[in-house]
Number of protein chains: 2
Amino acid sequence: MLKHFKVPDDVAVLVEISKLRNATEQVFIKCGVPEAEAQLGADVLMFADESGIDTHGVSNMLRSYVAQYNSDSLNPTPKIQIIKETPSTATIDGDGGLGLMIAPKAMDIAIQKAKDVGTGVVSVRNSGHLGAAGYHAMMAADQDMIGWCMTAGGKAMVPTFGAEAQIGTNPIAFAAPGNNQPAFMFDAAMTSIAGNKIGLANRMGKGMSPGWVAHEDGVPDMDGGAVADFAANSMRMQLPLGSTRELGSHKGYGLGVMVDILCGQLSFAPGFGSLERTRRGHFVAAYSVDAFGDVEEFKENMDGMLKGLADTRPMPGEERVLYAGLPEHEVRIERRETGIPLHPEVIDWFRDICAEFEIPFDLV
Amino acid sequence: MLKHFKVPDDVAVLVEISKLRNATEQVFIKCGVPEAEAQLGADVLMFADESGIDTHGVSNMLRSYVAQYNSDSLNPTPKIQIIKETPSTATIDGDGGLGLMIAPKAMDIAIQKAKDVGTGVVSVRNSGHLGAAGYHAMMAADQDMIGWCMTAGGKAMVPTFGAEAQIGTNPIAFAAPGNNQPAFMFDAAMTSIAGNKIGLANRMGKGMSPGWVAHEDGVPDMDGGAVADFAANSMRMQLPLGSTRELGSHKGYGLGVMVDILCGQLSFAPGFGSLERTRRGHFVAAYSVDAFGDVEEFKENMDGMLKGLADTRPMPGEERVLYAGLPEHEVRIERRETGIPLHPEVIDWFRDICAEFEIPFDLV
């Protein structure tokens with residue numbers, strides 16, 4: 001996590017995990033979500049909070065979900081339907097529910113298919129926000145499988161050379177288990193920065209950094225700062241990973257389109273054929289390691305690789321080299337001990353929403 | 001293709017495709033490769049040349065393959081073996097052959113499995129250079145499938161914050177068919193620039209551009225130029241896509257590790273558990289569109305999306321917005337008319353190798 005986005009220690013309020021989880025569940029239930037689904041949704045959010053993925057945790061996302069339930073743009077009791085199925089694939093309609101709860105069901109199907117025939121690949125349409133994609137990918141890794149999760153929707157990324165946003169930030173998550181080493185868990189938007197990090201940076205009073213967004217005419221802002229207001233208002237002019245053509249933005253853009261195809265086209269999601277998407281599409285896949293070879297040997301080899309990466313000699317000014325999933329693992333250990341640091345403003349929101357929903361408030 | 005890498009028009013020699021293809025086949029045959037394999041290898045190289053992917057065409061790659069056959073580091077007559085198999089997966093040992101010819105066989109297996117059970121996922125170990133990964137991904141797209149191809153090996157990419165290269169440039173290729181629009185075909189290294197573009201830039205007398213490589217101590221070179229000699233000699237300090245942590249290099253690095261896992265760990269390739277790889281690993285996958293829904297509807301939707309992307313309003317100074325696969329398609333139309341522009345130095349190499357191998361030389 002970039003220090004940039006950390007709640008400053010001097011204002012952070014540490015909240016017990018069980019209390020935050022319980023409050024989150026209660027909020028979901030008051031939105032009309034059945035209890036088991038509310039627990040699942042809270043689990044996905046808490047995973048992000050525990051792992052230091054604050055952009056996708058309770059503080060940054062729950063209020064947006066509540067607003068969407070309240071405005072009927074999210075269905076609290078979706079009837080999830082399998083539209084088409086083969087031994088290794090399924091196409092699912094999420095019936096306008098929240099992706100947080102739909103993606104784990106899609107991944108359950110993928111994992112079962114991978115147990116049966118080696119791999120399971122599931123595309124999802126008509127869904128809502130996915131939460132931290134890494135959660136869903138990790139479901140497969142926990143079963144000694146390779147897990148994949150992607151999500152697409154909205155317009156936030158400006159194609160290379162373009163002057164308007166055309167696709168979403170379109171993150172890719174990928175997980176693979178180690179043995180003693182923490183699992184490899186990659187989870188990143190294909191824009192140079194995650195969409196809601198822009199909102200979070202804004203709430204922290206920070207401007208845009210170089211390479212994050214395009215100017216209004218599409219020209220990449222490589223100086224930073226100047227376009228903060230514009231970006232904060234629209235969040236719709238984000239640069240692809242690579243930022244400029246010279247630094248490889250066509251690669252971030254191409255990967256973004258790949259995610260759009262897997263999530264939107266492969267699920268036959270409404271609007272993805274015209275770039276006018278309404279809801280979100282997801283893609284999850286599980287590849288059983290056992291189908292390819294010996295699981296223990298794989299995990300030993302993974303350990304060797306991951307340890308080797310973490311042992312890479314660091315450049316001047318850096319203490320160590322990381323791999324995706326390692327810092328999240330370390331933050332989880334720490335936060336399960338200390339609790340989740342929340343901005344006082346988030347505590348206030350919880351106090352208000354608990355009063356409104358007539359839920360007892362006991363976070364602090 | 002960056003203009004940077006184009007053979008200057010005033011020195012380029014246009015060579016007939018059929019002649020270049022034939023000469024390439026003959027060179028492979030003289031290296032001990034059976035005729036059918038030689039034709040397949042030439043087809044992969046010619047696809048790159050025809051598509052303007054000059055880094056992976058005859059001019060840039062064939063001499064390296066010849067050197068590897070001559071030094072016995074490539075096996076001209078590999079016995080390719082399926083080590084393990086399930087209805088949707090296979091693990092293949094390439095017996096030290098050239099990836100150019102092994103990957104199409106792996107993709108054939110993936111496509112057949114996708115026809116049978118919806119998807120086919122194949123990992124390959126003990127292989128050599130893959131050629132243009134897009135060729136293999138396009139094999140699936142030509143069958144109305146989504147195609148994936150990746151390759152990993154060597155040490156070229158410096159992890160974020162690292163001072164030494166640990167993984168390869170690890171490209172990802174992904175293809176999906178349109179109807180009237182040219183197929184989407186993405187093919188890019190997860191370093192900010194493809195490995196052999198550095199060699200090619202060097203041959204053109206160009207220095208390193210900002211964001212391509214790290215200095216010897218690991219610090220990203222964001223000014224360019226200074227490290228050209230260092231990089232040209234070792235090619236082993238390339239920056240991940242994103243170049244710096246602030247611009248998202250941890251994403252390029254993470255995607256690179258993902259490719260290493262899919263190609264190296266999932267195929268149980270020697271050395272991938274210790275970051276000391278000898279040969280290369282590949283990953284190919286085919287997802288049958290038919291398994292997810294109606295193929296014609298999918299291709300219509302793809303057309304809408306791809307046309308929409310190409311119709312994106314351009315930023316000042318740019319004429320148009322592209323999508324991956326579109327410029328390659330346009331270059332193919334042009335070069336199939338005009339022939340392949342080769343640097344005179346490449347013609348000289350062909351003249352020499354034809355003399356050495358006692359092959360009639362008729363390129364010009």
# chains A, B, ... in the order shown; residues from 1 in each chain; ligands from 1
call {"tool": "residues_around", "arguments": {"residues": "region 322-326 of chain A", "least_positions_apart": "6", "cutoff": "8 Å", "atoms": "only C-alpha atoms", "output": "PyMOL selection string"}}
result
(chain A and resi 182-187+306+309-310) or (chain B and resi 160+254)
call {"tool": "residues_around", "arguments": {"residues": "Asp303 (chain B)", "least_positions_apart": "2", "cutoff": "9 Å", "atoms": "only C-alpha atoms", "output": "VMD selection string"}}
result
(chain A and resid 273 to 274) or (chain B and resid 177 to 183 298 to 301 305 to 308)
call {"tool": "write_last_selection", "arguments": {"atoms": "N, CA and C atoms", "output": "mmCIF file, in the first residue's frame"}}
result
data_model
loop_
_atom_site.group_PDB
_atom_site.id
_atom_site.type_symbol
_atom_site.label_atom_id
_atom_site.label_comp_id
_atom_site.auth_asym_id
_atom_site.auth_seq_id
_atom_site.Cartn_x
_atom_site.Cartn_y
_atom_site.Cartn_z
ATOM 1 N N GLY A 273 -21.283 -4.497 -25.872
ATOM 2 C CA GLY A 273 -21.088 -4.447 -27.317
ATOM 3 C C GLY A 273 -21.103 -3.033 -27.863
ATOM 4 N N SER A 274 -21.534 -2.078 -27.053
ATOM 5 C CA SER A 274 -21.634 -0.697 -27.530
ATOM 6 C C SER A 274 -20.812 0.257 -26.671
ATOM 7 N N PRO B 177 -12.073 -13.197 -31.465
ATOM 8 C CA PRO B 177 -12.506 -12.898 -32.829
ATOM 9 C C PRO B 177 -13.596 -11.833 -32.898
ATOM 10 N N GLY B 178 -13.548 -10.989 -33.925
ATOM 11 C CA GLY B 178 -14.668 -10.142 -34.295
ATOM 12 C C GLY B 178 -15.365 -10.761 -35.489
ATOM 13 N N ASN B 179 -16.305 -10.027 -36.045
ATOM 14 C CA ASN B 179 -17.012 -10.500 -37.230
ATOM 15 C C ASN B 179 -16.433 -9.778 -38.452
ATOM 16 N N ASN B 180 -16.793 -8.510 -38.641
ATOM 17 C CA ASN B 180 -16.206 -7.726 -39.730
ATOM 18 C C ASN B 180 -14.954 -6.968 -39.295
ATOM 19 N N GLN B 181 -14.880 -6.659 -38.001
ATOM 20 C CA GLN B 181 -13.685 -5.975 -37.499
ATOM 21 C C GLN B 181 -12.530 -6.973 -37.403
ATOM 22 N N PRO B 182 -11.298 -6.530 -37.684
ATOM 23 C CA PRO B 182 -10.142 -7.402 -37.423
ATOM 24 C C PRO B 182 -10.139 -7.857 -35.959
ATOM 25 N N ALA B 183 -9.710 -9.088 -35.733
ATOM 26 C CA ALA B 183 -9.710 -9.659 -34.382
ATOM 27 C C ALA B 183 -8.905 -8.798 -33.417
ATOM 28 N N PHE B 298 -21.773 -13.034 -30.011
ATOM 29 C CA PHE B 298 -20.482 -12.629 -29.433
ATOM 30 C C PHE B 298 -19.677 -11.800 -30.437
ATOM 31 N N LYS B 299 -19.599 -12.296 -31.669
ATOM 32 C CA LYS B 299 -18.774 -11.609 -32.665
ATOM 33 C C LYS B 299 -19.383 -10.265 -33.073
ATOM 34 N N GLU B 300 -20.705 -10.192 -33.096
ATOM 35 C CA GLU B 300 -21.370 -8.901 -33.352
ATOM 36 C C GLU B 300 -21.030 -7.915 -32.241
ATOM 37 N N ASN B 301 -21.119 -8.389 -30.987
ATOM 38 C CA ASN B 301 -20.804 -7.523 -29.852
ATOM 39 C C ASN B 301 -19.341 -7.083 -29.886
ATOM 40 N N MET B 305 -17.779 -3.265 -29.957
ATOM 41 C CA MET B 305 -16.778 -2.786 -29.013
ATOM 42 C C MET B 305 -15.518 -2.306 -29.739
ATOM 43 N N LEU B 306 -15.027 -3.119 -30.654
ATOM 44 C CA LEU B 306 -13.763 -2.793 -31.329
ATOM 45 C C LEU B 306 -13.920 -1.557 -32.211
ATOM 46 N N LYS B 307 -15.058 -1.461 -32.897
ATOM 47 C CA LYS B 307 -15.303 -0.281 -33.720
ATOM 48 C C LYS B 307 -15.409 0.953 -32.820
ATOM 49 N N GLY B 308 -16.094 0.785 -31.689
ATOM 50 C CA GLY B 308 -16.218 1.886 -30.731
ATOM 51 C C GLY B 308 -14.860 2.372 -30.252
#
call {"tool": "closest_residue", "arguments": {"among": "B:Gly97, B:Gly207, B:Gly218, B:Pro327", "to": "chain A", "atoms": "only C-alpha atoms"}}
result
B:Gly218
call {"tool": "closest_residue", "arguments": {"among": "A:Ser88, A:Gln68, A:Thr338, A:Thr151", "to": "chain B", "atoms": "only C-alpha atoms"}}
result
A:Ser88
call {"tool": "interface_residues", "arguments": {"of": "chain A", "to": "chain B", "cutoff": "7 Å", "atoms": "only C-alpha atoms", "output": "PyMOL selection string"}}
result
chain A and resi 84-91+117-119+160-164+186+188+192+211+217-219+241-242+247-248+251+254+265-268+272-275+289+291-293+298+301-302+304-305+308+312-315+318+321+324
call {"tool": "atom_distance", "arguments": {"atom1": "CA of Gly99 (chain A)", "atom2": "CA of Ala36 (chain A)"}}
result
14.7 Å
call {"tool": "residues_around", "arguments": {"residues": "Gly96 (chain B)", "least_positions_apart": "6", "cutoff": "7 Å", "atoms": "only C-alpha atoms", "output": "list in words"}}
result
Leu74, Asn75, Pro78, Asn126, Ser127 and Gly128 of chain B
call {"tool": "residues_around", "arguments": {"residues": "Leu363 (chain A)", "least_positions_apart": "5", "cutoff": "7 Å", "atoms": "only C-alpha atoms", "output": "list in words"}}
result
Val15, Lys19 and Leu20 of chain A
call {"tool": "write_last_selection", "arguments": {"atoms": "C-alpha atoms", "output": "compact mmCIF listing (two decimals), in the first residue's frame"}}
result
# COMPACT_ATOMS: atom_id res chain seq x y z
CA VAL A 15 -11.57 -0.69 15.65
CA LYS A 19 -17.17 -5.28 15.90
CA LEU A 20 -16.53 -3.85 12.44
call {"tool": "residues_around", "arguments": {"residues": "Leu130 (chain B)", "least_positions_apart": "5", "cutoff": "10 Å", "atoms": "only C-alpha atoms", "output": "PyMOL selection string"}}
result
chain B and resi 41+44-45+56+98-104+135-136+149-152+280-282
call {"tool": "write_last_selection", "arguments": {"atoms": "N, CA and C atoms", "output": "compact mmCIF listing (two decimals), in the first residue's frame"}}
result
# COMPACT_ATOMS: atom_id res chain seq x y z
N GLY B 41 7.53 -23.51 -38.42
CA GLY B 41 8.38 -22.47 -37.85
C GLY B 41 8.44 -21.24 -38.73
N VAL B 44 5.23 -19.17 -38.43
CA VAL B 44 5.18 -18.32 -37.23
C VAL B 44 6.03 -17.07 -37.44
N LEU B 45 7.23 -17.24 -37.98
CA LEU B 45 8.10 -16.08 -38.23
C LEU B 45 7.49 -15.14 -39.27
N HIS B 56 10.03 -9.94 -33.80
CA HIS B 56 9.86 -11.38 -33.70
C HIS B 56 9.84 -12.05 -35.06
N LEU B 98 12.25 -25.99 -30.39
CA LEU B 98 11.96 -24.56 -30.52
C LEU B 98 10.47 -24.31 -30.26
N GLY B 99 10.18 -23.31 -29.41
CA GLY B 99 8.80 -23.01 -29.04
C GLY B 99 7.91 -22.66 -30.23
N LEU B 100 8.51 -22.09 -31.24
CA LEU B 100 7.79 -21.76 -32.48
C LEU B 100 6.94 -22.93 -32.97
N MET B 101 7.50 -24.13 -32.89
CA MET B 101 6.80 -25.31 -33.40
C MET B 101 6.07 -26.05 -32.30
N ILE B 102 6.49 -25.87 -31.04
CA ILE B 102 5.87 -26.62 -29.93
C ILE B 102 4.55 -25.97 -29.51
N ALA B 103 4.54 -24.64 -29.44
CA ALA B 103 3.33 -23.95 -28.97
C ALA B 103 2.11 -24.23 -29.86
N PRO B 104 2.25 -24.28 -31.19
CA PRO B 104 1.07 -24.59 -32.01
C PRO B 104 0.51 -25.98 -31.70
N TYR B 135 0.65 -15.17 -32.54
CA TYR B 135 0.37 -16.22 -33.54
C TYR B 135 -0.41 -17.36 -32.91
N HIS B 136 0.07 -17.81 -31.77
CA HIS B 136 -0.53 -18.98 -31.12
C HIS B 136 -1.90 -18.64 -30.54
N CYS B 149 -1.84 -16.99 -24.82
CA CYS B 149 -0.51 -17.58 -24.92
C CYS B 149 0.48 -16.72 -24.15
N MET B 150 1.28 -17.37 -23.32
CA MET B 150 2.31 -16.66 -22.55
C MET B 150 3.60 -17.46 -22.61
N THR B 151 4.69 -16.80 -22.30
CA THR B 151 5.97 -17.51 -22.26
C THR B 151 6.88 -16.87 -21.22
N ALA B 152 7.67 -17.69 -20.56
CA ALA B 152 8.55 -17.21 -19.49
C ALA B 152 9.89 -17.90 -19.58
N ARG B 280 12.68 -22.55 -21.55
CA ARG B 280 11.48 -21.74 -21.37
C ARG B 280 10.25 -22.58 -21.08
N GLY B 281 9.29 -21.98 -20.41
CA GLY B 281 7.97 -22.57 -20.23
C GLY B 281 6.95 -21.73 -20.97
N HIS B 282 5.88 -22.37 -21.44
CA HIS B 282 4.80 -21.65 -22.10
C HIS B 282 3.46 -22.01 -21.46
call {"tool": "closest_residue", "arguments": {"among": "B:Ile198, B:Ile359, B:Val346, B:Val213", "to": "Ser59 (chain B)", "atoms": "only C-alpha atoms"}}
result
B:Val346
call {"tool": "residues_around", "arguments": {"residues": "Cys354 (chain B)", "least_positions_apart": "2", "cutoff": "12 Å", "atoms": "only C-alpha atoms", "output": "ChimeraX atom specification"}}
result
/B:22-31,63,66,347-352,356-363
call {"tool": "write_last_selection", "arguments": {"atoms": "N, CA and C atoms", "output": "short mmCIF file (atom, residue, chain, number, x, y, z; two decimals), in the first residue's frame"}}
result
data_model
loop_
_atom_site.label_atom_id
_atom_site.label_comp_id
_atom_site.auth_asym_id
_atom_site.auth_seq_id
_atom_site.Cartn_x
_atom_site.Cartn_y
_atom_site.Cartn_z
N ASN B 22 10.30 -19.29 -48.12
CA ASN B 22 11.02 -20.45 -48.64
C ASN B 22 12.46 -20.50 -48.11
N ALA B 23 13.12 -19.35 -48.10
CA ALA B 23 14.50 -19.30 -47.60
C ALA B 23 14.54 -19.69 -46.12
N THR B 24 13.54 -19.21 -45.36
CA THR B 24 13.48 -19.51 -43.92
C THR B 24 13.28 -21.01 -43.69
N GLU B 25 12.38 -21.61 -44.47
CA GLU B 25 12.16 -23.06 -44.37
C GLU B 25 13.45 -23.83 -44.65
N GLN B 26 14.14 -23.40 -45.71
CA GLN B 26 15.37 -24.10 -46.10
C GLN B 26 16.44 -24.00 -45.01
N VAL B 27 16.52 -22.83 -44.37
CA VAL B 27 17.50 -22.66 -43.29
C VAL B 27 17.16 -23.60 -42.14
N PHE B 28 15.87 -23.68 -41.77
CA PHE B 28 15.47 -24.59 -40.69
C PHE B 28 15.83 -26.04 -41.05
N ILE B 29 15.55 -26.41 -42.30
CA ILE B 29 15.81 -27.79 -42.73
C ILE B 29 17.31 -28.10 -42.63
N LYS B 30 18.14 -27.13 -43.02
CA LYS B 30 19.59 -27.33 -42.94
C LYS B 30 20.06 -27.44 -41.49
N CYS B 31 19.24 -26.93 -40.56
CA CYS B 31 19.57 -27.06 -39.13
C CYS B 31 19.14 -28.42 -38.59
N ARG B 63 18.62 -15.79 -37.05
CA ARG B 63 20.05 -16.04 -36.84
C ARG B 63 20.31 -16.60 -35.43
N VAL B 66 19.40 -20.29 -35.52
CA VAL B 66 20.46 -21.05 -36.20
C VAL B 66 21.64 -21.28 -35.26
N ILE B 347 19.73 -8.90 -45.42
CA ILE B 347 19.92 -9.52 -46.73
C ILE B 347 21.33 -10.15 -46.80
N ASP B 348 22.31 -9.39 -46.30
CA ASP B 348 23.69 -9.89 -46.29
C ASP B 348 23.80 -11.17 -45.47
N TRP B 349 23.13 -11.19 -44.32
CA TRP B 349 23.17 -12.39 -43.48
C TRP B 349 22.59 -13.58 -44.23
N PHE B 350 21.46 -13.35 -44.91
CA PHE B 350 20.84 -14.43 -45.68
C PHE B 350 21.78 -14.92 -46.78
N ARG B 351 22.46 -13.96 -47.45
CA ARG B 351 23.38 -14.35 -48.52
C ARG B 351 24.48 -15.25 -47.97
N ASP B 352 24.99 -14.86 -46.79
CA ASP B 352 26.07 -15.63 -46.17
C ASP B 352 25.59 -17.01 -45.72
N GLU B 356 26.76 -20.70 -46.87
CA GLU B 356 27.27 -21.68 -45.90
C GLU B 356 26.48 -22.99 -45.96
N PHE B 357 25.14 -22.86 -46.06
CA PHE B 357 24.27 -24.04 -46.06
C PHE B 357 24.05 -24.63 -47.47
N GLU B 358 24.67 -23.99 -48.46
CA GLU B 358 24.51 -24.42 -49.85
C GLU B 358 23.04 -24.42 -50.28
N ILE B 359 22.37 -23.31 -49.97
CA ILE B 359 20.99 -23.08 -50.40
C ILE B 359 21.05 -22.00 -51.49
N PRO B 360 20.32 -22.17 -52.61
CA PRO B 360 20.30 -21.10 -53.61
C PRO B 360 19.77 -19.80 -52.98
N PHE B 361 20.42 -18.69 -53.21
CA PHE B 361 19.99 -17.39 -52.67
C PHE B 361 19.20 -16.63 -53.73
N ASP B 362 17.93 -16.34 -53.49
CA ASP B 362 17.14 -15.62 -54.50
C ASP B 362 16.24 -14.53 -53.89
N LEU B 363 16.64 -14.02 -52.72
CA LEU B 363 15.79 -13.01 -52.04
C LEU B 363 15.72 -11.72 -52.84
#
call {"tool": "residues_around", "arguments": {"residues": "Ala48 (chain A)", "least_positions_apart": "5", "cutoff": "9 Å", "atoms": "only C-alpha atoms", "output": "MDAnalysis selection string"}}
result
chainID A and resid 43 53:58 131:132 134:135 328
call {"tool": "select_by_dssp", "arguments": {"residues": "region 240-294 of chain A", "states": "alpha helix (DSSP H)", "output": "MDAnalysis selection string"}}
result
chainID A and resid 249:260 289:292
call {"tool": "atom_distance", "arguments": {"atom1": "CA of Asp223 (chain B)", "atom2": "CA of Gly154 (chain B)"}}
result
26.3 Å
call {"tool": "atom_distance", "arguments": {"atom1": "CA of Phe283 (chain A)", "atom2": "CA of Gly168 (chain B)"}}
result
26.7 Å
